[in-house]
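Chemist: Below is my_file_35.cif; it holds mmCIF, C-alpha atoms.
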```cif
data_entry
loop_
_atom_site.group_PDB
_atom_site.id
_atom_site.type_symbol
_atom_site.label_atom_id
_atom_site.label_comp_id
_atom_site.auth_asym_id
_atom_site.auth_seq_id
_atom_site.Cartn_x
_atom_site.Cartn_y
_atom_site.Cartn_z
ATOM 1 C CA MET O 1 -162.893 -56.063 -97.270
ATOM 2 C CA LYS O 2 -160.766 -57.139 -100.261
ATOM 3 C CA LYS O 3 -158.027 -54.729 -101.379
ATOM 4 C CA LYS O 4 -156.296 -54.965 -104.760
ATOM 5 C CA ILE O 5 -154.186 -52.785 -107.040
ATOM 6 C CA LEU O 6 -155.726 -51.036 -110.038
ATOM 7 C CA LEU O 7 -153.193 -50.570 -112.889
ATOM 8 C CA SER O 8 -153.270 -47.932 -115.597
ATOM 9 C CA GLU O 9 -150.916 -46.476 -118.195
ATOM 10 C CA GLU O 10 -150.373 -42.701 -118.174
ATOM 11 C CA GLU O 11 -147.736 -40.700 -120.044
ATOM 12 C CA ARG O 12 -145.410 -43.688 -120.636
ATOM 13 C CA GLN O 13 -145.670 -44.652 -116.951
ATOM 14 C CA GLN O 14 -147.477 -47.486 -115.228
ATOM 15 C CA ARG O 15 -149.584 -46.108 -112.395
ATOM 16 C CA GLY O 16 -151.282 -48.039 -109.615
ATOM 17 C CA LYS O 17 -153.820 -47.271 -106.928
ATOM 18 C CA GLU O 18 -155.470 -49.327 -104.211
ATOM 19 C CA ILE O 19 -159.033 -50.423 -104.968
ATOM 20 C CA ILE O 20 -161.549 -51.907 -102.525
ATOM 21 C CA VAL O 21 -163.603 -54.658 -104.094
ATOM 22 C CA PHE O 22 -167.129 -55.023 -102.719
ATOM 23 C CA GLU O 23 -167.729 -58.679 -101.874
ATOM 24 C CA ASN O 24 -171.195 -57.987 -100.458
ATOM 25 C CA PRO O 25 -173.689 -56.496 -102.967
ATOM 26 C CA GLN O 26 -175.602 -54.863 -100.088
ATOM 27 C CA LYS O 27 -172.560 -52.701 -99.316
ATOM 28 C CA LEU O 28 -172.342 -51.644 -102.947
ATOM 29 C CA LYS O 29 -176.019 -50.662 -102.826
ATOM 30 C CA LEU O 30 -175.347 -48.400 -99.829
ATOM 31 C CA VAL O 31 -172.789 -46.413 -101.814
ATOM 32 C CA LEU O 32 -174.677 -45.985 -105.075
ATOM 33 C CA GLY O 33 -177.353 -43.502 -103.966
ATOM 34 C CA LYS O 34 -176.991 -40.096 -105.623
ATOM 35 C CA LEU O 35 -176.345 -38.120 -102.425
ATOM 36 C CA SER O 36 -174.191 -40.887 -100.925
ATOM 37 C CA TRP O 37 -172.039 -40.881 -104.044
ATOM 38 C CA GLU O 38 -171.725 -37.093 -103.953
ATOM 39 C CA ILE O 39 -170.682 -37.146 -100.285
ATOM 40 C CA LEU O 40 -168.163 -39.924 -100.991
ATOM 41 C CA GLY O 41 -166.661 -37.805 -103.763
ATOM 42 C CA MET O 42 -166.288 -34.845 -101.391
ATOM 43 C CA LEU O 43 -164.651 -37.017 -98.746
ATOM 44 C CA ALA O 44 -162.231 -38.367 -101.373
ATOM 45 C CA GLU O 45 -160.896 -34.830 -101.775
ATOM 46 C CA ALA O 46 -160.694 -33.787 -98.114
ATOM 47 C CA GLU O 47 -161.693 -34.792 -94.610
ATOM 48 C CA MET O 48 -164.921 -33.069 -93.493
ATOM 49 C CA TYR O 49 -167.530 -33.217 -90.737
ATOM 50 C CA PRO O 50 -171.283 -33.627 -91.432
ATOM 51 C CA MET O 51 -172.387 -30.019 -90.765
ATOM 52 C CA GLU O 52 -169.662 -28.754 -93.093
ATOM 53 C CA ILE O 53 -170.873 -31.156 -95.798
ATOM 54 C CA ALA O 54 -174.500 -30.074 -95.295
ATOM 55 C CA LYS O 55 -173.576 -26.400 -95.755
ATOM 56 C CA LYS O 56 -171.623 -27.095 -98.957
ATOM 57 C CA LEU O 57 -174.445 -29.203 -100.420
ATOM 58 C CA GLY O 58 -177.244 -26.963 -99.182
ATOM 59 C CA VAL O 59 -179.168 -29.834 -97.577
ATOM 60 C CA HIS O 60 -180.436 -30.554 -94.045
ATOM 61 C CA GLU O 61 -177.795 -31.854 -91.632
ATOM 62 C CA GLN O 62 -179.916 -34.887 -90.664
ATOM 63 C CA LYS O 63 -180.014 -36.010 -94.295
ATOM 64 C CA VAL O 64 -176.199 -35.880 -94.398
ATOM 65 C CA TYR O 65 -175.977 -37.879 -91.159
ATOM 66 C CA TYR O 66 -178.238 -40.531 -92.697
ATOM 67 C CA HIS O 67 -175.965 -40.957 -95.729
ATOM 68 C CA ILE O 68 -172.824 -40.792 -93.603
ATOM 69 C CA ARG O 69 -174.110 -43.764 -91.593
ATOM 70 C CA LYS O 70 -174.750 -45.674 -94.832
ATOM 71 C CA LEU O 71 -171.227 -45.004 -96.092
ATOM 72 C CA VAL O 72 -169.692 -46.053 -92.764
ATOM 73 C CA LYS O 73 -171.741 -49.268 -92.846
ATOM 74 C CA ALA O 74 -170.441 -49.925 -96.355
ATOM 75 C CA ASP O 75 -166.823 -49.461 -95.095
ATOM 76 C CA ALA O 76 -166.398 -46.704 -97.685
ATOM 77 C CA ILE O 77 -165.553 -43.914 -95.202
ATOM 78 C CA ALA O 78 -164.177 -43.738 -91.668
ATOM 79 C CA VAL O 79 -163.564 -41.215 -88.893
ATOM 80 C CA VAL O 80 -160.016 -39.854 -89.151
ATOM 81 C CA ARG O 81 -160.098 -37.357 -86.271
ATOM 82 C CA GLU O 82 -162.367 -35.598 -83.779
ATOM 83 C CA GLU O 83 -162.487 -31.922 -82.793
ATOM 84 C CA GLU O 84 -164.416 -29.870 -80.211
ATOM 85 C CA LYS O 85 -166.727 -27.289 -81.843
ATOM 86 C CA LYS O 86 -169.078 -25.091 -79.758
ATOM 87 C CA GLY O 87 -169.319 -27.604 -76.955
ATOM 88 C CA ALA O 88 -169.888 -30.600 -79.251
ATOM 89 C CA THR O 89 -167.559 -33.156 -80.804
ATOM 90 C CA ALA O 90 -167.245 -32.926 -84.578
ATOM 91 C CA LYS O 91 -166.216 -36.126 -86.284
ATOM 92 C CA TYR O 92 -164.185 -35.710 -89.457
ATOM 93 C CA TYR O 93 -164.683 -38.406 -92.112
ATOM 94 C CA ARG O 94 -162.555 -39.389 -95.100
ATOM 95 C CA ALA O 95 -162.890 -41.937 -97.901
ATOM 96 C CA VAL O 96 -160.909 -45.087 -97.030
ATOM 97 C CA SER O 97 -159.788 -45.832 -100.600
ATOM 98 C CA PRO O 98 -159.181 -43.925 -103.844
ATOM 99 C CA ALA O 99 -161.199 -46.536 -105.796
ATOM 100 C CA PHE O 100 -164.135 -48.898 -105.265
ATOM 101 C CA GLY O 101 -165.477 -51.605 -107.527
ATOM 102 C CA ILE O 102 -166.816 -55.096 -108.132
ATOM 103 C CA GLU O 103 -164.902 -58.102 -109.419
ATOM 104 C CA LEU O 104 -166.143 -61.027 -111.478
ATOM 105 C CA PRO O 105 -164.288 -64.382 -111.314
ATOM 106 C CA PHE O 106 -162.529 -64.288 -114.716
ATOM 107 C CA GLY O 107 -160.140 -62.264 -116.866
ATOM 108 C CA SER O 108 -156.975 -62.239 -114.732
ATOM 109 C CA ARG O 109 -153.744 -61.669 -116.693
ATOM 110 C CA ASN O 110 -150.069 -61.819 -115.920
ATOM 111 C CA VAL O 111 -149.183 -58.300 -114.729
ATOM 112 C CA LYS O 112 -146.643 -57.712 -117.498
ATOM 113 C CA THR O 113 -149.050 -59.045 -120.123
ATOM 114 C CA ALA O 114 -151.652 -56.635 -118.797
ATOM 115 C CA ALA O 115 -149.095 -53.828 -119.028
ATOM 116 C CA PHE O 116 -148.409 -54.819 -122.640
ATOM 117 C CA MET O 117 -152.142 -54.557 -123.337
ATOM 118 C CA TYR O 118 -152.033 -50.941 -122.100
ATOM 119 C CA MET O 119 -149.185 -50.239 -124.526
ATOM 120 C CA ASN O 120 -149.983 -47.868 -127.389
ATOM 121 C CA GLU O 121 -151.469 -49.898 -130.256
ATOM 122 C CA LYS O 122 -148.772 -48.971 -132.768
ATOM 123 C CA LEU O 123 -145.953 -49.715 -130.323
ATOM 124 C CA GLN O 124 -147.688 -52.976 -129.429
ATOM 125 C CA GLN O 125 -147.795 -53.972 -133.121
ATOM 126 C CA PHE O 126 -144.132 -53.130 -133.588
ATOM 127 C CA PHE O 127 -143.018 -55.381 -130.708
ATOM 128 C CA HIS O 128 -145.803 -57.971 -130.955
ATOM 129 C CA SER O 129 -143.577 -60.875 -132.014
ATOM 130 C CA PHE O 130 -141.312 -60.236 -129.034
ATOM 131 C CA LEU O 131 -144.007 -60.961 -126.425
ATOM 132 C CA GLY O 132 -144.113 -64.584 -125.293
ATOM 133 C CA LYS O 133 -147.293 -66.408 -124.264
ATOM 134 C CA ASP O 134 -146.371 -66.010 -120.602
ATOM 135 C CA GLY O 135 -145.782 -62.264 -120.995
ATOM 136 C CA SER O 136 -141.987 -62.517 -121.028
ATOM 137 C CA PHE O 137 -139.627 -61.099 -123.654
ATOM 138 C CA ASP O 138 -139.391 -63.606 -126.520
ATOM 139 C CA GLY O 139 -136.195 -62.988 -128.435
ATOM 140 C CA LYS O 140 -132.527 -62.068 -128.234
ATOM 141 C CA ILE O 141 -130.965 -58.626 -127.999
ATOM 142 C CA VAL O 142 -127.693 -58.794 -129.914
ATOM 143 C CA VAL O 143 -124.832 -56.330 -129.411
ATOM 144 C CA GLY O 144 -121.378 -56.192 -130.951
ATOM 145 C CA SER O 145 -118.439 -57.766 -129.138
ATOM 146 C CA PRO O 146 -116.124 -55.277 -127.382
ATOM 147 C CA ASP O 147 -113.141 -57.346 -128.621
ATOM 148 C CA PRO O 148 -111.635 -57.024 -132.113
ATOM 149 C CA HIS O 149 -113.751 -59.315 -134.308
ATOM 150 C CA GLY O 150 -115.178 -59.824 -137.767
ATOM 151 C CA PRO O 151 -113.714 -58.737 -141.119
ATOM 152 C CA PHE O 152 -113.196 -55.201 -139.800
ATOM 153 C CA LYS O 153 -111.499 -56.340 -136.570
ATOM 154 C CA ALA O 154 -113.735 -53.767 -134.866
ATOM 155 C CA ARG O 155 -114.402 -53.211 -131.189
ATOM 156 C CA ALA O 156 -118.065 -52.360 -130.530
ATOM 157 C CA ARG O 157 -118.557 -49.098 -128.653
ATOM 158 C CA ASP O 158 -122.347 -48.976 -128.841
ATOM 159 C CA GLY O 159 -123.443 -52.191 -127.103
ATOM 160 C CA HIS O 160 -124.122 -50.449 -123.792
ATOM 161 C CA TYR O 161 -126.935 -48.470 -125.425
ATOM 162 C CA ALA O 162 -128.975 -51.678 -125.293
ATOM 163 C CA SER O 163 -129.354 -51.194 -121.521
ATOM 164 C CA TYR O 164 -131.467 -48.071 -122.099
ATOM 165 C CA LEU O 165 -133.661 -50.030 -124.484
ATOM 166 C CA THR O 166 -134.129 -52.888 -122.026
ATOM 167 C CA LEU O 167 -135.251 -50.436 -119.320
ATOM 168 C CA PHE O 168 -137.888 -49.189 -121.745
ATOM 169 C CA LEU O 169 -139.073 -52.696 -122.674
ATOM 170 C CA GLY O 170 -139.072 -53.751 -119.017
ATOM 171 C CA GLN O 171 -142.161 -51.593 -118.479
ATOM 172 C CA PHE O 172 -144.202 -53.939 -120.641
ATOM 173 C CA VAL O 173 -142.747 -57.458 -120.578
ATOM 174 C CA ARG O 174 -141.767 -59.922 -117.867
ATOM 175 C CA LEU O 175 -138.140 -60.882 -117.259
ATOM 176 C CA PRO O 176 -137.514 -64.167 -119.144
ATOM 177 C CA ASP O 177 -135.780 -67.178 -117.634
ATOM 178 C CA ASP O 178 -132.920 -67.113 -120.155
ATOM 179 C CA PHE O 179 -130.376 -64.319 -120.422
ATOM 180 C CA VAL O 180 -131.503 -62.464 -123.562
ATOM 181 C CA ILE O 181 -128.549 -60.165 -124.295
ATOM 182 C CA LYS O 182 -125.952 -61.867 -126.508
ATOM 183 C CA LEU O 183 -122.739 -60.913 -128.267
ATOM 184 C CA ASP O 184 -122.841 -61.053 -132.031
ATOM 185 C CA VAL O 185 -119.979 -63.586 -132.135
ATOM 186 C CA ASP O 186 -122.010 -66.026 -130.038
ATOM 187 C CA VAL O 187 -125.245 -65.559 -131.971
ATOM 188 C CA LYS O 188 -123.508 -65.884 -135.340
ATOM 189 C CA ALA O 189 -122.129 -69.240 -134.269
ATOM 190 C CA GLU O 190 -125.621 -70.424 -133.255
ATOM 191 C CA LYS O 191 -127.390 -68.754 -136.213
ATOM 192 C CA GLU O 192 -130.353 -68.131 -133.884
ATOM 193 C CA GLU O 193 -132.760 -68.945 -136.706
ATOM 194 C CA ASN O 194 -135.572 -69.751 -134.276
ATOM 195 C CA ASN O 195 -135.473 -66.410 -132.485
ATOM 196 C CA ASN O 196 -136.795 -62.915 -132.831
ATOM 197 C CA LEU O 197 -133.712 -60.693 -132.883
ATOM 198 C CA LEU O 198 -133.192 -57.105 -131.802
ATOM 199 C CA LEU O 199 -129.866 -55.959 -133.231
ATOM 200 C CA VAL O 200 -128.041 -52.970 -131.764
ATOM 201 C CA GLY O 201 -125.129 -51.566 -133.773
ATOM 202 C CA GLY O 202 -124.107 -51.151 -137.407
ATOM 203 C CA PRO O 203 -122.468 -53.748 -139.695
ATOM 204 C CA GLY O 204 -118.979 -52.630 -138.747
ATOM 205 C CA THR O 205 -119.418 -53.722 -135.144
ATOM 206 C CA ASN O 206 -122.351 -56.168 -135.216
ATOM 207 C CA LEU O 207 -121.894 -59.240 -137.404
ATOM 208 C CA LEU O 208 -125.622 -60.004 -137.449
ATOM 209 C CA THR O 209 -126.417 -56.527 -138.798
ATOM 210 C CA LYS O 210 -123.857 -57.161 -141.529
ATOM 211 C CA GLU O 211 -125.514 -60.490 -142.404
ATOM 212 C CA ILE O 212 -129.003 -59.064 -142.785
ATOM 213 C CA ASN O 213 -127.943 -55.724 -144.287
ATOM 214 C CA ASP O 214 -129.045 -56.729 -147.823
ATOM 215 C CA TYR O 215 -132.576 -57.411 -146.542
ATOM 216 C CA LEU O 216 -133.048 -53.919 -145.097
ATOM 217 C CA PRO O 217 -135.169 -51.332 -146.974
ATOM 218 C CA ILE O 218 -132.594 -48.747 -145.872
ATOM 219 C CA ARG O 219 -129.191 -50.387 -145.794
ATOM 220 C CA PHE O 220 -125.533 -49.637 -145.292
ATOM 221 C CA SER O 221 -123.342 -49.146 -148.350
ATOM 222 C CA MET O 222 -120.448 -51.607 -148.041
ATOM 223 C CA ARG O 223 -118.184 -51.506 -151.076
ATOM 224 C CA PRO O 224 -115.510 -54.210 -151.359
ATOM 225 C CA SER O 225 -111.933 -53.061 -151.859
ATOM 226 C CA LYS O 226 -108.476 -54.597 -151.664
ATOM 227 C CA HIS O 227 -108.395 -53.518 -148.023
ATOM 228 C CA GLY O 228 -111.758 -55.113 -147.163
ATOM 229 C CA PHE O 229 -114.956 -53.061 -147.185
ATOM 230 C CA LEU O 230 -115.478 -49.312 -147.476
ATOM 231 C CA PHE O 231 -118.486 -47.794 -145.747
ATOM 232 C CA GLY O 232 -120.462 -45.247 -147.742
ATOM 233 C CA GLY O 233 -123.224 -44.423 -145.289
ATOM 234 C CA LEU O 234 -126.889 -45.421 -145.416
ATOM 235 C CA VAL O 235 -128.684 -45.785 -148.742
ATOM 236 C CA SER O 236 -132.472 -45.743 -149.135
ATOM 237 C CA GLN O 237 -133.703 -48.357 -151.623
ATOM 238 C CA LYS O 238 -136.831 -46.257 -152.188
ATOM 239 C CA THR O 239 -135.387 -42.778 -152.782
ATOM 240 C CA GLN O 240 -131.713 -43.661 -153.456
ATOM 241 C CA SER O 241 -130.780 -40.939 -150.972
ATOM 242 C CA VAL O 242 -127.430 -41.382 -149.211
ATOM 243 C CA TYR O 243 -126.889 -40.420 -145.559
ATOM 244 C CA THR O 244 -123.305 -40.188 -144.324
ATOM 245 C CA ASP O 245 -123.517 -38.130 -141.110
ATOM 246 C CA ASP O 246 -122.085 -39.892 -138.042
ATOM 247 C CA ALA O 247 -125.274 -39.210 -136.023
ATOM 248 C CA VAL O 248 -127.533 -40.821 -138.621
ATOM 249 C CA GLY O 249 -128.913 -44.339 -138.284
ATOM 250 C CA VAL O 250 -131.740 -46.650 -139.247
ATOM 251 C CA VAL O 251 -134.609 -48.130 -137.234
ATOM 252 C CA ALA O 252 -135.947 -51.109 -139.164
ATOM 253 C CA ARG O 253 -138.233 -54.110 -138.711
ATOM 254 C CA ILE O 254 -138.125 -57.036 -141.146
ATOM 255 C CA ALA O 255 -139.012 -60.717 -141.268
ATOM 256 C CA ASN O 256 -136.176 -62.948 -140.066
ATOM 257 C CA PRO O 257 -134.664 -64.225 -143.362
ATOM 258 C CA TRP O 258 -133.820 -67.564 -141.669
ATOM 259 C CA ASN O 259 -137.335 -68.007 -140.261
ATOM 260 C CA LYS O 260 -140.197 -65.965 -141.742
ATOM 261 C CA GLU O 261 -142.328 -66.521 -138.633
ATOM 262 C CA LYS O 262 -139.838 -64.476 -136.591
ATOM 263 C CA ARG O 263 -138.936 -60.788 -136.763
ATOM 264 C CA ILE O 264 -135.742 -58.749 -136.656
ATOM 265 C CA ILE O 265 -135.557 -55.171 -135.382
ATOM 266 C CA VAL O 266 -132.411 -53.206 -136.216
ATOM 267 C CA LEU O 267 -131.150 -50.084 -134.436
ATOM 268 C CA ALA O 268 -127.914 -49.144 -136.176
ATOM 269 C CA GLY O 269 -125.987 -45.976 -136.964
ATOM 270 C CA ASN O 270 -123.148 -44.949 -139.233
ATOM 271 C CA LYS O 271 -121.173 -44.531 -136.014
ATOM 272 C CA ALA O 272 -121.857 -45.248 -132.335
ATOM 273 C CA VAL O 273 -123.553 -41.860 -131.924
ATOM 274 C CA GLY O 274 -125.971 -42.800 -134.709
ATOM 275 C CA THR O 275 -126.838 -46.043 -132.925
ATOM 276 C CA LYS O 276 -127.521 -44.037 -129.769
ATOM 277 C CA ALA O 277 -129.884 -41.800 -131.748
ATOM 278 C CA CYS O 278 -131.769 -44.895 -132.963
ATOM 279 C CA VAL O 279 -132.132 -46.277 -129.424
ATOM 280 C CA LEU O 280 -133.486 -42.900 -128.281
ATOM 281 C CA ALA O 281 -135.812 -42.845 -131.283
ATOM 282 C CA LEU O 282 -137.489 -46.084 -130.243
ATOM 283 C CA ALA O 283 -137.333 -45.768 -126.454
ATOM 284 C CA ARG O 284 -138.130 -42.074 -125.981
ATOM 285 C CA PHE O 285 -139.465 -40.739 -129.297
ATOM 286 C CA TRP O 286 -141.381 -43.786 -130.549
ATOM 287 C CA LYS O 287 -144.512 -41.789 -131.500
ATOM 288 C CA GLN O 288 -142.441 -39.770 -133.945
ATOM 289 C CA THR O 289 -140.420 -42.771 -135.117
ATOM 290 C CA LEU O 290 -143.383 -45.088 -135.727
ATOM 291 C CA LYS O 291 -145.764 -42.438 -137.073
ATOM 292 C CA ASN O 292 -145.971 -44.125 -140.486
ATOM 293 C CA PHE O 293 -145.696 -47.730 -139.280
ATOM 294 C CA LYS O 294 -148.788 -49.669 -140.362
ATOM 295 C CA GLY O 295 -147.885 -53.152 -139.176
ATOM 296 C CA GLU O 296 -145.936 -54.174 -142.253
ATOM 297 C CA ASN O 297 -142.945 -56.521 -142.025
ATOM 298 C CA ASP O 298 -140.525 -54.382 -144.021
ATOM 299 C CA PHE O 299 -140.396 -51.029 -142.282
ATOM 300 C CA ALA O 300 -137.494 -48.624 -141.960
ATOM 301 C CA VAL O 301 -136.877 -44.965 -141.130
ATOM 302 C CA VAL O 302 -133.740 -42.840 -141.188
ATOM 303 C CA ILE O 303 -132.971 -41.191 -137.861
ATOM 304 C CA GLN O 304 -130.877 -38.060 -137.379
ATOM 305 C CA GLY O 305 -129.576 -37.438 -133.854
ATOM 306 C CA PHE O 306 -129.236 -33.928 -132.410
ATOM 307 C CA ASP O 307 -127.593 -32.367 -129.369
ATOM 308 C CA LEU O 308 -130.189 -29.790 -128.339
ATOM 309 C CA ASP O 309 -128.750 -28.793 -124.963
ATOM 310 C CA GLY O 310 -125.212 -28.339 -126.286
ATOM 311 C CA ASP O 311 -123.475 -30.751 -123.917
ATOM 312 C CA GLY O 312 -121.870 -32.739 -126.713
ATOM 313 C CA LYS O 313 -124.281 -35.705 -126.389
ATOM 314 C CA VAL O 314 -127.195 -36.675 -128.610
ATOM 315 C CA ASP O 315 -130.459 -36.080 -126.754
ATOM 316 C CA SER O 316 -133.084 -35.661 -129.480
ATOM 317 C CA ILE O 317 -133.924 -37.005 -132.933
ATOM 318 C CA GLU O 318 -135.682 -36.288 -136.197
ATOM 319 C CA VAL O 319 -137.057 -38.765 -138.715
ATOM 320 C CA ILE O 320 -135.566 -37.604 -142.021
ATOM 321 C CA GLU O 321 -137.009 -40.380 -144.192
#
```
As structure tokens, what does this structure read like?
Modeler:
Amino acid sequence: MKKKILLSEEERQQRGKEIIVFENPQKLKLVLGKLSWEILGMLAEAEMYPMEIAKKLGVHEQKVYYHIRKLVKADAIAVVREEEKKGATAKYYRAVSPAFGIELPFGSRNVKTAAFMYMNEKLQQFFHSFLGKDGSFDGKIVVGSPDPHGPFKARARDGHYASYLTLFLGQFVRLPDDFVIKLDVDVKAEKEENNNLLLVGGPGTNLLTKEINDYLPIRFSMRPSKHGFLFGGLVSQKTQSVYTDDAVGVVARIANPWNKEKRIIVLAGNKAVGTKACVLALARFWKQTLKNFKGENDFAVVIQGFDLDGDGKVDSIEVIE
């Protein structure tokens, strides 16, 4: 009797159950009769003895015994306990597995690749470039350095939000051999032109976000001044709307300007709280965030973070453009 694990995707969770694979077609035949199948279904829900089954089905007890013997021979059910009833021994039967099936010798996939295939189609399209041929994450996740750096001499306070995003992605892709999380100062030195990039943090704290800002459909206003740059919030190139709230950010996906075959995803806010809202938007509220995503390269939405439970922390979002 061959036992395997049957995987499925339910409510953003990977679920698994044991499945018995019939290696002998004769055993499969024993299970497939109409009454046998009905009895097997009953014994999947609860342990029962033959007379009890006969009463529930309204059939003769001997007919139930006949099908019970077939199911036992097929290794589909087994006795789980015995009990004395009116001077006789009643044997209680139960299904031995929550699933039964047949297996053909082809179609095996890496488990994480299989999980990716169960991913919602729109979410799968959004992250498609980031899935390697072996099912591992293909790209770099770039966060701002916690040390003073760049023209703003800023310390990043939003890099740790990437950990929440990686937990989300870990449901669907295999752990790669290389360490994928990088500081912006390291990536900027390497240029990373051959990689898909997932940038976490705005242009004040993430140098890569600053470099690709002009390519974004919704970008950060950075006006030069004698003291450096002045931030003026997010500006939509389509509507010319300006968004200055701290808890506002942008979720965007564009072609990598250094390599058009690669993609860049940006999760960046006006402030750290806005970046957190963007991470939540993609990891927890992706259906809402990607509602209008149709697979195009240049995609961007404005995210507004909200504190619904009043604890002073952003826990929900709205797409405002």
Chemist: Just say which residues the PyMOL selection byres ((chain O and resi 245) around 9) picks in this file, as a ChimeraX atom specification.
Modeler: /O:233,243-244,246-249,270-271,274,304
Chemist: Starting from the point (-138.5, -59.2, -116.4), work out which residues of protein, DNA or RNA have an atom no more than 12 Å away when counting all atoms listed in the file; state them as a compact mmCIF listing (two decimals) with C-alpha atoms, in the coordinates of the input.
Modeler:
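Listing of result20.txt after writing:
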```txt
# COMPACT_ATOMS: atom_id res chain seq x y z
CA ASN O 110 -150.07 -61.82 -115.92
CA VAL O 111 -149.18 -58.30 -114.73
CA LYS O 112 -146.64 -57.71 -117.50
CA THR O 113 -149.05 -59.04 -120.12
CA LEU O 131 -144.01 -60.96 -126.42
CA GLY O 132 -144.11 -64.58 -125.29
CA ASP O 134 -146.37 -66.01 -120.60
CA GLY O 135 -145.78 -62.26 -121.00
CA SER O 136 -141.99 -62.52 -121.03
CA PHE O 137 -139.63 -61.10 -123.65
CA ASP O 138 -139.39 -63.61 -126.52
CA THR O 166 -134.13 -52.89 -122.03
CA LEU O 167 -135.25 -50.44 -119.32
CA PHE O 168 -137.89 -49.19 -121.74
CA LEU O 169 -139.07 -52.70 -122.67
CA GLY O 170 -139.07 -53.75 -119.02
CA GLN O 171 -142.16 -51.59 -118.48
CA PHE O 172 -144.20 -53.94 -120.64
CA VAL O 173 -142.75 -57.46 -120.58
CA ARG O 174 -141.77 -59.92 -117.87
CA LEU O 175 -138.14 -60.88 -117.26
CA PRO O 176 -137.51 -64.17 -119.14
CA ASP O 177 -135.78 -67.18 -117.63
CA ASP O 178 -132.92 -67.11 -120.16
CA PHE O 179 -130.38 -64.32 -120.42
CA VAL O 180 -131.50 -62.46 -123.56
```
Chemist: How far is it from CA of Tyr215 (chain O) to CA of Ile264 (chain O), in Å with one decimal?
Modeler: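 Here the two named atoms are 10.5 Å from each other.
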Chemist: Check what the PyMOL selection byres ((chain O and resi 257) around 12) selects in the file above and give those residues as a list in words.
Modeler: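 Going through the file, the PyMOL selection byres ((chain O and resi 257) around 12) ends up selecting Lys191, Glu192, Glu193, Asn194, Asn195, Asn196, Leu197, Leu208, Glu211, Ile212, Asn213, Asp214, Tyr215, Leu216, Arg253, Ile254, Ala255, Asn256, Trp258, Asn259, Lys260, Glu261, Lys262, Arg263, Ile264, Asn297 and Asp298 of chain O.
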Chemist: Give me a file of those residues, with C-alpha atoms, as a compact mmCIF listing (two decimals), keeping the file's coordinate frame.
Modeler:
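Saved result, again-v9.txt, follows:
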```txt
# COMPACT_ATOMS: atom_id res chain seq x y z
CA LYS O 191 -127.39 -68.75 -136.21
CA GLU O 192 -130.35 -68.13 -133.88
CA GLU O 193 -132.76 -68.94 -136.71
CA ASN O 194 -135.57 -69.75 -134.28
CA ASN O 195 -135.47 -66.41 -132.49
CA ASN O 196 -136.79 -62.92 -132.83
CA LEU O 197 -133.71 -60.69 -132.88
CA LEU O 208 -125.62 -60.00 -137.45
CA GLU O 211 -125.51 -60.49 -142.40
CA ILE O 212 -129.00 -59.06 -142.78
CA ASN O 213 -127.94 -55.72 -144.29
CA ASP O 214 -129.04 -56.73 -147.82
CA TYR O 215 -132.58 -57.41 -146.54
CA LEU O 216 -133.05 -53.92 -145.10
CA ARG O 253 -138.23 -54.11 -138.71
CA ILE O 254 -138.12 -57.04 -141.15
CA ALA O 255 -139.01 -60.72 -141.27
CA ASN O 256 -136.18 -62.95 -140.07
CA TRP O 258 -133.82 -67.56 -141.67
CA ASN O 259 -137.34 -68.01 -140.26
CA LYS O 260 -140.20 -65.96 -141.74
CA GLU O 261 -142.33 -66.52 -138.63
CA LYS O 262 -139.84 -64.48 -136.59
CA ARG O 263 -138.94 -60.79 -136.76
CA ILE O 264 -135.74 -58.75 -136.66
CA ASN O 297 -142.94 -56.52 -142.02
CA ASP O 298 -140.52 -54.38 -144.02
```
Chemist: What is the distance between CA of Gly16 (chain O) and CA of Ser108 (chain O), in Å to one decimal?
Modeler: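 Going from CA of Gly16 (chain O) over to CA of Ser108 (chain O) covers 16.1 Å.
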Chemist: Would you pick out the contacts of His67 (chain O) at 12 Å or less, using only C-alpha atoms, so that residues sharing its chain but fewer than 3 positions from it are not included, and give the list as a list in words?
Modeler: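 Those residues are Leu30, Val31, Leu32, Gly33, Lys34, Leu35, Ser36, Trp37, Glu38, Ile39, Leu40, Pro50, Ile53, Ala54, Val59, His60, Glu61, Gln62, Lys63, Val64, Lys70, Leu71, Val72, Lys73, Ala74, Ala76 and Ile77 of chain O.
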